[in-house]
$ cat input_14.pdb   # PDB, C-alpha atoms
ATOM      1  CA  MET A   1     107.611 112.254  62.144
ATOM      2  CA  ILE A   2     107.714 114.891  64.903
ATOM      3  CA  THR A   3     105.350 117.785  65.540
ATOM      4  CA  ARG A   4     105.020 120.173  68.432
ATOM      5  CA  GLU A   5     101.592 120.765  69.942
ATOM      6  CA  GLY A   6     101.941 123.167  72.852
ATOM      7  CA  ASP A   7     104.051 121.436  75.495
ATOM      8  CA  ARG A   8     103.885 118.085  73.645
ATOM      9  CA  LEU A   9     106.119 116.552  71.033
ATOM     10  CA  VAL A  10     104.083 114.053  69.029
ATOM     11  CA  LEU A  11     106.080 111.339  67.287
ATOM     12  CA  SER A  12     104.627 109.299  64.451
ATOM     13  CA  GLY A  13     105.669 106.751  61.871
ATOM     14  CA  ARG A  14     108.586 104.377  62.228
ATOM     15  CA  LEU A  15     111.362 105.116  64.736
ATOM     16  CA  ILE A  16     114.069 102.883  63.349
ATOM     17  CA  MET A  17     117.771 103.160  62.595
ATOM     18  CA  SER A  18     117.206 104.973  59.292
ATOM     19  CA  THR A  19     114.714 107.551  60.631
ATOM     20  CA  VAL A  20     115.944 108.240  64.163
ATOM     21  CA  PRO A  21     118.836 110.622  63.313
ATOM     22  CA  ALA A  22     116.484 113.225  61.789
ATOM     23  CA  VAL A  23     113.863 112.833  64.545
ATOM     24  CA  TYR A  24     116.570 113.072  67.197
ATOM     25  CA  ALA A  25     117.921 116.330  65.765
ATOM     26  CA  ASP A  26     114.443 117.865  65.449
ATOM     27  CA  GLY A  27     113.570 116.911  69.012
ATOM     28  CA  MET A  28     116.780 118.357  70.424
ATOM     29  CA  LYS A  29     115.740 121.811  69.203
ATOM     30  CA  TYR A  30     112.799 121.707  71.601
ATOM     31  CA  LEU A  31     114.106 119.664  74.521
ATOM     32  CA  VAL A  32     116.858 122.011  75.586
ATOM     33  CA  ALA A  33     114.493 124.990  75.851
ATOM     34  CA  ASP A  34     111.242 123.719  77.385
ATOM     35  CA  ASP A  35     109.701 121.136  79.719
ATOM     36  CA  LEU A  36     107.884 118.717  77.428
ATOM     37  CA  MET A  37     105.739 115.632  77.136
ATOM     38  CA  VAL A  38     106.875 113.269  74.372
ATOM     39  CA  ASP A  39     103.937 111.325  72.969
ATOM     40  CA  PHE A  40     104.831 107.998  71.328
ATOM     41  CA  SER A  41     101.223 106.857  70.831
ATOM     42  CA  GLN A  42     101.305 107.364  67.034
ATOM     43  CA  VAL A  43     104.583 105.501  66.515
ATOM     44  CA  GLU A  44     104.103 102.465  64.271
ATOM     45  CA  ALA A  45     107.395 100.608  64.787
ATOM     46  CA  VAL A  46     110.557 100.898  66.867
ATOM     47  CA  ASP A  47     113.973  99.339  67.096
ATOM     48  CA  SER A  48     116.888  99.853  69.471
ATOM     49  CA  ALA A  49     117.621 103.248  67.900
ATOM     50  CA  ALA A  50     114.349 104.594  69.326
ATOM     51  CA  VAL A  51     115.344 103.502  72.833
ATOM     52  CA  SER A  52     118.742 105.123  72.429
ATOM     53  CA  MET A  53     117.144 108.333  71.147
ATOM     54  CA  LEU A  54     114.854 108.626  74.148
ATOM     55  CA  LEU A  55     117.707 108.012  76.581
ATOM     56  CA  CYS A  56     119.759 110.737  74.866
ATOM     57  CA  TRP A  57     116.813 113.127  75.037
ATOM     58  CA  ILE A  58     116.418 112.381  78.749
ATOM     59  CA  ARG A  59     120.085 113.189  79.377
ATOM     60  CA  ALA A  60     119.898 116.377  77.316
ATOM     61  CA  ALA A  61     116.804 117.560  79.190
ATOM     62  CA  GLN A  62     118.425 116.807  82.557
ATOM     63  CA  ALA A  63     121.587 118.684  81.541
ATOM     64  CA  GLN A  64     119.431 121.755  80.882
ATOM     65  CA  ASN A  65     117.383 121.271  84.084
ATOM     66  CA  ARG A  66     114.291 120.512  82.005
ATOM     67  CA  SER A  67     111.530 118.028  82.661
ATOM     68  CA  LEU A  68     110.846 115.323  80.089
ATOM     69  CA  ARG A  69     107.748 113.155  80.409
ATOM     70  CA  VAL A  70     106.624 110.388  78.079
ATOM     71  CA  LYS A  71     103.391 108.677  77.168
ATOM     72  CA  GLY A  72     102.297 106.046  74.729
ATOM     73  CA  LEU A  73     105.384 103.830  74.804
ATOM     74  CA  SER A  74     104.461 100.596  73.037
ATOM     75  CA  GLY A  75     104.967  97.099  74.338
ATOM     76  CA  ASP A  76     107.709  96.647  71.739
ATOM     77  CA  PHE A  77     109.531  99.741  73.006
ATOM     78  CA  LEU A  78     109.272  98.607  76.624
ATOM     79  CA  SER A  79     110.395  95.081  75.699
ATOM     80  CA  LEU A  80     113.522  96.476  74.052
ATOM     81  CA  ALA A  81     114.218  98.714  77.052
ATOM     82  CA  ASN A  82     113.888  95.699  79.346
ATOM     83  CA  LEU A  83     116.072  93.567  77.095
ATOM     84  CA  TYR A  84     118.858  96.174  77.246
ATOM     85  CA  GLY A  85     118.427  96.730  80.987
ATOM     86  CA  VAL A  86     117.484 100.406  80.707
ATOM     87  CA  ALA A  87     113.751 100.332  81.456
ATOM     88  CA  GLU A  88     114.309 101.804  84.918
ATOM     89  CA  MET A  89     115.972 104.836  83.291
ATOM     90  CA  LEU A  90     112.786 105.784  81.425
ATOM     91  CA  PRO A  91     110.400 108.377  82.862
ATOM     92  CA  LYS A  92     107.169 106.958  84.233
ATOM     93  CA  GLN A  93     104.225 107.085  81.839
TER      94      GLN A  93
END
$ encode --input "input_14.pdb" --output "structure tokens"
Amino acid sequence: MITREGDRLVLSGRLIMSTVPAVYADGMKYLVADDLMVDFSQVEAVDSAAVSMLLCWIRAAQAQNRSLRVKGLSGDFLSLANLYGVAEMLPKQ
């Protein structure tokens, strides 16, 4: 579900309520130590847990003075972020 390729974290599979806790914990290991790009382009499905996870990662990176960039956010992900009024909190793709 999450692999590191240089300065990129590549997410894949389904980021839903049942899978997000493990992906979140794995990602936190990397986000507090390095500036990273999180690539969502291989993610098959998302729910509100994925949006929450990304927002938590953003806060964790900021707390450690790290840069977090994203790419490959799906239309479904962006629709959820808009629905919850947090789209403006996401890094630009």
$ resolve_selection --input "input_14.pdb" --expression "the PyMOL selection byres ((chain A and resi 36-53) around 9)" --output "PyMOL selection string"
chain A and resi 1+6-21+23-24+30-31+34-35+54-58+66-74+76-78+80-81+84+86
$ atom_distance --input "input_14.pdb" --atom1 "CA of Ile2 in chain A" --atom2 "CA of Gly85 in chain A"
26.5 Å
$ closest_residue --input "input_14.pdb" --among "A:Val32, A:Arg4, A:Ala25, A:Leu83" --to "Ala63 in chain A" --atoms "all atoms listed in the file"
A:Val32
$ axis_aligned_box --input "input_14.pdb" --around "range 85-91 of chain A" --padding-each-side "4 Å" --output "JSON"
{"center_x": 114.4, "center_y": 102.6, "center_z": 82.8, "size_x": 16.0, "size_y": 19.6, "size_z": 12.2}
$ atom_distance --input "input_14.pdb" --atom1 "CA of Ser79 in chain A" --atom2 "CA of Lys29 in chain A"
28.0 Å
$ decode --input "input_14.pdb" --residues "range 49-86 of chain A" --atoms "N, CA and C atoms" --output "mmCIF file, in the first residue's frame"
data_model
loop_
_atom_site.group_PDB
_atom_site.id
_atom_site.type_symbol
_atom_site.label_atom_id
_atom_site.label_comp_id
_atom_site.auth_asym_id
_atom_site.auth_seq_id
_atom_site.Cartn_x
_atom_site.Cartn_y
_atom_site.Cartn_z
ATOM 1 N N ALA A 49 -11.560 8.800 5.154
ATOM 2 C CA ALA A 49 -10.365 8.471 5.938
ATOM 3 C C ALA A 49 -9.091 8.866 5.201
ATOM 4 N N ALA A 50 -9.076 8.756 3.888
ATOM 5 C CA ALA A 50 -7.903 9.142 3.103
ATOM 6 C C ALA A 50 -7.663 10.641 3.198
ATOM 7 N N VAL A 51 -8.728 11.420 3.150
ATOM 8 C CA VAL A 51 -8.606 12.878 3.279
ATOM 9 C C VAL A 51 -8.056 13.224 4.662
ATOM 10 N N SER A 52 -8.596 12.613 5.675
ATOM 11 C CA SER A 52 -8.133 12.841 7.036
ATOM 12 C C SER A 52 -6.665 12.464 7.186
ATOM 13 N N MET A 53 -6.266 11.348 6.618
ATOM 14 C CA MET A 53 -4.874 10.903 6.684
ATOM 15 C C MET A 53 -3.935 11.939 6.086
ATOM 16 N N LEU A 54 -4.278 12.433 4.902
ATOM 17 C CA LEU A 54 -3.412 13.415 4.257
ATOM 18 C C LEU A 54 -3.321 14.689 5.084
ATOM 19 N N LEU A 55 -4.426 15.146 5.624
ATOM 20 C CA LEU A 55 -4.390 16.350 6.463
ATOM 21 C C LEU A 55 -3.513 16.134 7.699
ATOM 22 N N CYS A 56 -3.577 14.970 8.289
ATOM 23 C CA CYS A 56 -2.717 14.663 9.452
ATOM 24 C C CYS A 56 -1.252 14.620 9.038
ATOM 25 N N TRP A 57 -0.967 14.047 7.891
ATOM 26 C CA TRP A 57 0.414 14.026 7.399
ATOM 27 C C TRP A 57 0.923 15.442 7.151
ATOM 28 N N ILE A 58 0.080 16.294 6.603
ATOM 29 C CA ILE A 58 0.474 17.685 6.350
ATOM 30 C C ILE A 58 0.838 18.362 7.660
ATOM 31 N N ARG A 59 0.004 18.201 8.667
ATOM 32 C CA ARG A 59 0.284 18.807 9.983
ATOM 33 C C ARG A 59 1.561 18.259 10.599
ATOM 34 N N ALA A 60 1.773 16.964 10.488
ATOM 35 C CA ALA A 60 2.979 16.347 11.048
ATOM 36 C C ALA A 60 4.229 16.861 10.343
ATOM 37 N N ALA A 61 4.167 16.988 9.027
ATOM 38 C CA ALA A 61 5.314 17.507 8.275
ATOM 39 C C ALA A 61 5.585 18.951 8.678
ATOM 40 N N GLN A 62 4.551 19.764 8.776
ATOM 41 C CA GLN A 62 4.725 21.166 9.165
ATOM 42 C C GLN A 62 5.312 21.282 10.561
ATOM 43 N N ALA A 63 4.896 20.422 11.476
ATOM 44 C CA ALA A 63 5.401 20.459 12.852
ATOM 45 C C ALA A 63 6.898 20.154 12.907
ATOM 46 N N GLN A 64 7.376 19.395 11.920
ATOM 47 C CA GLN A 64 8.799 19.055 11.856
ATOM 48 C C GLN A 64 9.554 19.933 10.852
ATOM 49 N N ASN A 65 8.911 21.011 10.394
ATOM 50 C CA ASN A 65 9.495 21.905 9.390
ATOM 51 C C ASN A 65 9.914 21.155 8.128
ATOM 52 N N ARG A 66 9.075 20.237 7.698
ATOM 53 C CA ARG A 66 9.311 19.455 6.489
ATOM 54 C C ARG A 66 8.326 19.871 5.411
ATOM 55 N N SER A 67 8.730 19.663 4.178
ATOM 56 C CA SER A 67 7.885 19.957 3.034
ATOM 57 C C SER A 67 7.164 18.685 2.601
ATOM 58 N N LEU A 68 5.880 18.800 2.348
ATOM 59 C CA LEU A 68 5.088 17.680 1.855
ATOM 60 C C LEU A 68 4.374 18.137 0.591
ATOM 61 N N ARG A 69 4.669 17.473 -0.512
ATOM 62 C CA ARG A 69 3.999 17.757 -1.780
ATOM 63 C C ARG A 69 3.168 16.549 -2.153
ATOM 64 N N VAL A 70 2.163 16.756 -2.979
ATOM 65 C CA VAL A 70 1.312 15.651 -3.423
ATOM 66 C C VAL A 70 1.143 15.686 -4.928
ATOM 67 N N LYS A 71 0.860 14.521 -5.484
ATOM 68 C CA LYS A 71 0.477 14.442 -6.894
ATOM 69 C C LYS A 71 -0.447 13.262 -7.070
ATOM 70 N N GLY A 72 -1.233 13.322 -8.105
ATOM 71 C CA GLY A 72 -2.109 12.217 -8.453
ATOM 72 C C GLY A 72 -3.373 12.088 -7.633
ATOM 73 N N LEU A 73 -3.813 13.176 -6.991
ATOM 74 C CA LEU A 73 -5.075 13.095 -6.243
ATOM 75 C C LEU A 73 -6.223 12.924 -7.240
ATOM 76 N N SER A 74 -7.055 11.943 -6.993
ATOM 77 C CA SER A 74 -8.160 11.634 -7.909
ATOM 78 C C SER A 74 -9.292 12.646 -7.775
ATOM 79 N N GLY A 75 -10.172 12.620 -8.744
ATOM 80 C CA GLY A 75 -11.371 13.445 -8.678
ATOM 81 C C GLY A 75 -12.212 13.114 -7.458
ATOM 82 N N ASP A 76 -12.285 11.831 -7.110
ATOM 83 C CA ASP A 76 -13.043 11.422 -5.923
ATOM 84 C C ASP A 76 -12.438 12.028 -4.658
ATOM 85 N N PHE A 77 -11.109 11.991 -4.561
ATOM 86 C CA PHE A 77 -10.435 12.563 -3.393
ATOM 87 C C PHE A 77 -10.728 14.055 -3.303
ATOM 88 N N LEU A 78 -10.569 14.757 -4.412
ATOM 89 C CA LEU A 78 -10.796 16.203 -4.424
ATOM 90 C C LEU A 78 -12.256 16.548 -4.152
ATOM 91 N N SER A 79 -13.180 15.724 -4.633
ATOM 92 C CA SER A 79 -14.602 15.946 -4.354
ATOM 93 C C SER A 79 -14.891 15.833 -2.859
ATOM 94 N N LEU A 80 -14.306 14.829 -2.222
ATOM 95 C CA LEU A 80 -14.480 14.677 -0.774
ATOM 96 C C LEU A 80 -13.881 15.868 -0.026
ATOM 97 N N ALA A 81 -12.690 16.288 -0.439
ATOM 98 C CA ALA A 81 -12.050 17.435 0.219
ATOM 99 C C ALA A 81 -12.905 18.690 0.066
ATOM 100 N N ASN A 82 -13.496 18.877 -1.100
ATOM 101 C CA ASN A 82 -14.393 20.013 -1.306
ATOM 102 C C ASN A 82 -15.653 19.892 -0.467
ATOM 103 N N LEU A 83 -16.218 18.699 -0.415
ATOM 104 C CA LEU A 83 -17.423 18.456 0.358
ATOM 105 C C LEU A 83 -17.214 18.813 1.832
ATOM 106 N N TYR A 84 -16.042 18.464 2.367
ATOM 107 C CA TYR A 84 -15.749 18.731 3.779
ATOM 108 C C TYR A 84 -15.137 20.103 4.018
ATOM 109 N N GLY A 85 -14.955 20.886 2.950
ATOM 110 C CA GLY A 85 -14.447 22.243 3.097
ATOM 111 C C GLY A 85 -12.974 22.338 3.443
ATOM 112 N N VAL A 86 -12.194 21.319 3.042
ATOM 113 C CA VAL A 86 -10.764 21.333 3.387
ATOM 114 C C VAL A 86 -9.861 21.352 2.155
#
